[in-house]
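Inspection log for the structure reproduced underneath, given as structure tokens.
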Amino acid sequence: MKSDLEISETALTERQKDVLDAALALLVEAGDKLTMTSVARRASCSKESLYKWFGDRDGLLTATVQWQASKVRGVPVSRDAFDRDALIIGLERFAADWLRVLSGKISVALNRVAVTHAGTDKHELDRDLGGIVLENGPFAMARRLEPVLLLGREAGLLKFEHADEAFRTFFGLVVRDVQIRLLLGDRYELSETAIERDAKRATEQFLILYKP
């Protein structure tokens, strides 16, 4: 199974991206169970290619979720050029990307599928998908942002004891009630202006809360 660092736009061929987009489409369609056969049929490729690229079905599921999550760009970390401005720019970009992905129709539908049967024995796919979304969604985001938070602390720009606690605070400031509203069917839409505004607001509030 590939790690979240391996599934990125640069690590995939255009054909593989098309396959993962097809898998996403299948995942968000009500009542459709994702299998290697159904993905191969939708993407017009062979099952042998799927097994070669992604291993088994869990590998394909993981790659599909990671492909969606990879749209949140990582923040470049460089000690030599790291200052308050770099921290602000990095946090704002990360937050804006996160809101774009999270509020998109694919992510909303994907999360609905994952949580609908979470903790039940109804479908093996749902149990697998819930863990995969959790591991490669918020957990992966935390791992991706942690080096920036630690560098901010090292540079004296942030003060916190545990990076995971600081990340959860940032998560709450960025996401607020957006995700739950969308999951519950609210027709709430975020414009590009609203996304940039909310990313800036969340970053400002976060820096105030964790000011040295």
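Each chain in the structure tokens gets a letter, A, B and so on, in the order shown; residues start at 1 in every chain, and ligands are counted from 1 in the order they appear.
Non-sequential neighbours of segment 157-174 of chain A (distance at most 6 Å, separation of 4 or more positions within a chain, only C-alpha atoms) are Gly152, Arg153, Ala202, Tyr210, Lys211 and Pro212 of chain A.
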At a cut-off of 7 Å, can you tabulate as CSV every residue of segment 63-88 of chain A near segment 93-111 of chain A together with its closest atom pair and the distance in Å to one decimal, using only C-alpha atoms and ordering rows by chain then number?
```
residue,atom,partner,partner_atom,distance
A:Lys71,CA,A:Val101,CA,6.8
A:Val72,CA,A:Asp97,CA,4.9
A:Arg73,CA,A:Phe94,CA,6.4
A:Gly74,CA,A:Phe94,CA,6.9
A:Val75,CA,A:Phe94,CA,6.8
```
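Ranking A:Leu60, A:Met36, A:Ala69, A:Val19 by their shortest atom-to-atom distance to Phe139 of chain A, with only C-alpha atoms included, puts A:Ala69 first.
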*Selection: 10 Å around Thr37 of chain A, only C-alpha atoms, excl. self and same-chain fewer than 4 positions, as a count of residues only*: 8
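The gap separating atom CA of Val178 of chain A from atom CA of Lys200 of chain A is 15.8 Å, in Å to one decimal.
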_Based on the backbone DSSP call, show me all residues of segment 12-174 of chain A assigned helix (DSSP H, G or I), as an NGL selection string._
:A and (14-28 or 36-43 or 47-54 or 57-69 or 79-81 or 84-102 or 105-116 or 124-136 or 138-154 or 163-174)
*Smallest atom-to-atom distance to Leu61 of chain A: which of A:Asn136, A:Thr116, A:Ser44, A:Ser49, using only C-alpha atoms?*
A:Asn136
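The space between atom CA of Asp18 of chain A and atom CA of Gln68 of chain A spans 12.3 Å.
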*Could you tell me how far atom CA of Leu20 of chain A lies from atom CA of Val175 of chain A, in Å and to one decimal?*
25.6 Å
*Between A:Ala114, A:Val39, A:Leu149, A:Ile195, which has the minimum distance to Leu183 of chain A (counting only C-alpha atoms)?*
A:Ala114
